[in-house]
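Visitor: Got a structure for you, questions after.
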Amino acid sequence: MRSPASLDARCYHAALFLCPPAFRREFAQEILLVFDEARQEARLAAPQYGLWSFRARMAVDLAGTIVRQWLRTGLPILAPLAILYPLAASSALATLWRRMPFHMPRGTADSDVLMLELLAAVVLLIVAATIILTLWFTRPLLYRHRR
Amino acid sequence: MHVLLSLAGGERHGYAILKDVLHQTNHQVRLGPGTLYGTLQRLMESGLVEETDGPGSEADERRRFYRLSRAGREALKAEVDRLDALIRRARGRGIVPRASRP
């Protein structure tokens, strides 16, 4: 019977979820195995000081791995795009606002209708973003089943 | 380079590679599991390292074993040749490593 995983191993396992999914699926199980063995060794070598130095080394190593693996996916290129998009959208809205061919409603009832429309637009945007991101991140799974 | 050199001694699993690199480098290079598997991933993508079935029944099922491919062995040899030539040039200019000094 396998002994229950240590708290360190559980924390490390949770932190591995920050790695890109493809890397995690490929190597997470083995990385955890190596982590467990290295931890056992550090614990036997020096029970207190050894473990803390081991934890620090593992944290630095994992942080570096997370950054490197995400950079390898090429997805960080989406970050500047994610900043550009709201900037472009807000400047377009500001331009439209100035050239609007109609006046903003002054009555409470009209304002409520406008708010409702805005709310519906935001909800639709969130639904669309959820669908697109879900499809994007489940691509590796779909390919794997097809193979 | 250290990982390739470790695998030149035969097929190994991840933890064995870590230990071997530690011994090779006199405890100066201590790879973490994330760095090791990132390196193995790149080496496998470049065709320098390949996965094997392991030494059979003795192997832990959860372990994966790796070995040098033919291209990996050639790449390692080319790198060792390059370093060897560099050291010979350095010695020719009077730069002698501390360990070799009388």
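Following the order of the structure tokens, first chain is A, next is B, and so on, with residues numbered from 1 inside each chain and ligands from 1 in the order they appear.
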For the contact check between region 18-86 of chain B and region 22-31 of chain A, emit one row per residue of region 18-86 of chain B within 9 Å, containing the shortest atom pair and the distance in Å rounded to one decimal, counting only C-alpha atoms, chain then rising number order, as CSV.
Guide:
```
residue,atom,partner,partner_atom,distance
B:Pro33,CA,A:Ile31,CA,5.5
B:Gly34,CA,A:Ile31,CA,6.8
B:Leu36,CA,A:Ile31,CA,8.8
B:Tyr37,CA,A:Phe27,CA,6.9
B:Gly38,CA,A:Phe23,CA,8.3
B:Gln41,CA,A:Phe23,CA,8.6
B:Arg62,CA,A:Glu30,CA,7.0
B:Arg63,CA,A:Glu30,CA,6.5
B:Arg64,CA,A:Glu30,CA,7.5
```
Visitor: Considering only C-alpha atoms, return as an mmCIF file with C-alpha atoms, in the first residue's frame whatever protein or nucleic-acid residues lie within 12 Å of Arg73 (chain B), sequence-local ones (same chain, fewer than 5 positions apart) excluded.
Guide:
```cif
data_model
loop_
_atom_site.group_PDB
_atom_site.id
_atom_site.type_symbol
_atom_site.label_atom_id
_atom_site.label_comp_id
_atom_site.auth_asym_id
_atom_site.auth_seq_id
_atom_site.Cartn_x
_atom_site.Cartn_y
_atom_site.Cartn_z
ATOM 1 C CA MET B 1 25.207 18.472 -21.888
ATOM 2 C CA VAL B 3 22.035 15.087 -19.065
ATOM 3 C CA LEU B 4 23.422 13.750 -22.345
ATOM 4 C CA LEU B 5 26.622 12.719 -20.599
ATOM 5 C CA SER B 6 24.642 10.973 -17.883
ATOM 6 C CA LEU B 7 22.654 9.019 -20.464
ATOM 7 C CA ALA B 8 25.852 8.046 -22.290
ATOM 8 C CA GLY B 9 26.346 5.511 -19.485
ATOM 9 C CA GLY B 10 23.133 3.677 -20.418
ATOM 10 C CA LEU B 43 16.085 16.780 -25.944
ATOM 11 C CA GLY B 47 15.593 13.648 -31.293
ATOM 12 C CA LEU B 48 18.692 13.470 -29.068
ATOM 13 C CA VAL B 49 17.059 11.379 -26.347
ATOM 14 C CA GLU B 50 14.401 8.694 -26.572
ATOM 15 C CA ARG B 67 18.467 6.744 -23.375
ATOM 16 C CA LEU B 68 20.623 8.539 -25.902
ATOM 17 C CA ALA B 78 30.743 16.711 -31.306
ATOM 18 C CA GLU B 79 30.382 18.829 -28.155
ATOM 19 C CA VAL B 80 33.129 16.903 -26.339
#
```
Visitor: Quick one: residues within 8 Å of region 10-19 of chain A, only C-alpha atoms, excluding same-chain residues fewer than 6 positions away - as a VMD selection string?
Guide: chain A and resid 28 32 62 65 to 66 69 to 70
Visitor: Can I get the selection written as a PDB file, in the first residue's frame, with N, CA and C atoms?
Guide:
```
ATOM      1  N   ALA A  28       4.011  15.289 -15.129  1.00  0.00           N
ATOM      2  CA  ALA A  28       3.692  15.593 -13.719  1.00  0.00           C
ATOM      3  C   ALA A  28       3.882  14.385 -12.811  1.00  0.00           C
ATOM      4  N   LEU A  32       6.594  14.280  -9.731  1.00  0.00           N
ATOM      5  CA  LEU A  32       6.203  14.074  -8.332  1.00  0.00           C
ATOM      6  C   LEU A  32       6.979  12.924  -7.705  1.00  0.00           C
ATOM      7  N   LEU A  62      10.638  25.156  -9.528  1.00  0.00           N
ATOM      8  CA  LEU A  62       9.294  25.081 -10.113  1.00  0.00           C
ATOM      9  C   LEU A  62       8.881  26.425 -10.717  1.00  0.00           C
ATOM     10  N   THR A  65      10.519  26.716 -13.965  1.00  0.00           N
ATOM     11  CA  THR A  65       9.911  25.777 -14.926  1.00  0.00           C
ATOM     12  C   THR A  65       8.592  26.327 -15.455  1.00  0.00           C
ATOM     13  N   ILE A  66       7.799  26.885 -14.555  1.00  0.00           N
ATOM     14  CA  ILE A  66       6.493  27.416 -14.965  1.00  0.00           C
ATOM     15  C   ILE A  66       6.686  28.520 -16.009  1.00  0.00           C
ATOM     16  N   GLN A  69       8.141  27.039 -19.312  1.00  0.00           N
ATOM     17  CA  GLN A  69       7.189  26.217 -20.062  1.00  0.00           C
ATOM     18  C   GLN A  69       6.106  27.074 -20.708  1.00  0.00           C
ATOM     19  N   TRP A  70       5.646  28.109 -20.011  1.00  0.00           N
ATOM     20  CA  TRP A  70       4.632  28.979 -20.612  1.00  0.00           C
ATOM     21  C   TRP A  70       5.222  29.751 -21.781  1.00  0.00           C
TER      22      TRP A  70
END
```
Visitor: Using only C-alpha atoms, pick whichever of A:Leu44, A:Val67, A:Ala121, A:Ala92 has the shortest atom-to-atom distance to chain B.
Guide: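 Counting only C-alpha atoms, the residue closest to chain B is A:Val67.
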Visitor: May I ask which of the residues A:Leu133, A:Val122, A:Ala9, A:Ile77 is the closest one to Gln40 (chain A), counting only C-alpha atoms?
Guide: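 Among the listed residues, A:Ala9 lies closest to Gln40 (chain A).
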Visitor: If you run DSSP over the backbone, which residues in chain A end up alpha helix (DSSP H)? Put them as a PyMOL selection string.
Guide: chain A and resi 7-16+21-45+49-73+78-98+108-137+139-146
Visitor: Using DSSP assignments from the backbone, pull out every residue in region 6-89 of chain B that falls under strand (DSSP E) and give it to me as a list in words.
Guide: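 Of region 6-89 of chain B, the ones in strand (DSSP E) are Arg12, His13, Val49, Glu50, Glu51, Thr52, Phe65, Tyr66, Arg67 and Leu68 of chain B.
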Visitor: Could you take the residues named above and write them with C-alpha atoms, as a PDB file, in the first residue's frame?
Guide:
```
ATOM      1  CA  ARG B  12      18.312   5.842 -16.773  1.00  0.00           C
ATOM      2  CA  HIS B  13      15.192   7.180 -15.083  1.00  0.00           C
ATOM      3  CA  VAL B  49      17.059  11.379 -26.347  1.00  0.00           C
ATOM      4  CA  GLU B  50      14.401   8.694 -26.572  1.00  0.00           C
ATOM      5  CA  GLU B  51      12.198   6.914 -24.097  1.00  0.00           C
ATOM      6  CA  THR B  52      12.672   3.186 -23.530  1.00  0.00           C
ATOM      7  CA  PHE B  65      13.457   5.418 -18.703  1.00  0.00           C
ATOM      8  CA  TYR B  66      15.448   7.456 -21.192  1.00  0.00           C
ATOM      9  CA  ARG B  67      18.467   6.744 -23.375  1.00  0.00           C
ATOM     10  CA  LEU B  68      20.623   8.539 -25.902  1.00  0.00           C
TER      11      LEU B  68
END
```
Visitor: What separation in Å, quoted to one decimal, exists between CA of Leu71 (chain A) and CA of Thr35 (chain B)?
Guide: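 Distance between the two atoms: 14.1 Å.
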Visitor: What does the distance from CA of Ala42 (chain A) to CA of Phe54 (chain A) come to in Å, to one decimal?
Guide: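 Separation of CA of Ala42 (chain A) and CA of Phe54 (chain A): 6.5 Å.
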Visitor: Counting only C-alpha atoms, which of B:Thr39, B:Ser46, B:Ser69, B:Asn26 gets nearest to Gly14 (chain B)?
Guide: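 With only C-alpha atoms as the atom set, the closest residue is B:Thr39.
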Visitor: Find the spatial neighbours of His2 (chain B), counting only C-alpha atoms, within a cut-off of 10 Å - ignore same-chain residues fewer than 5 positions away - and output them as a PyMOL selection string.
Guide: chain B and resi 7-8+17-18+20-22+24-25+29+31+76
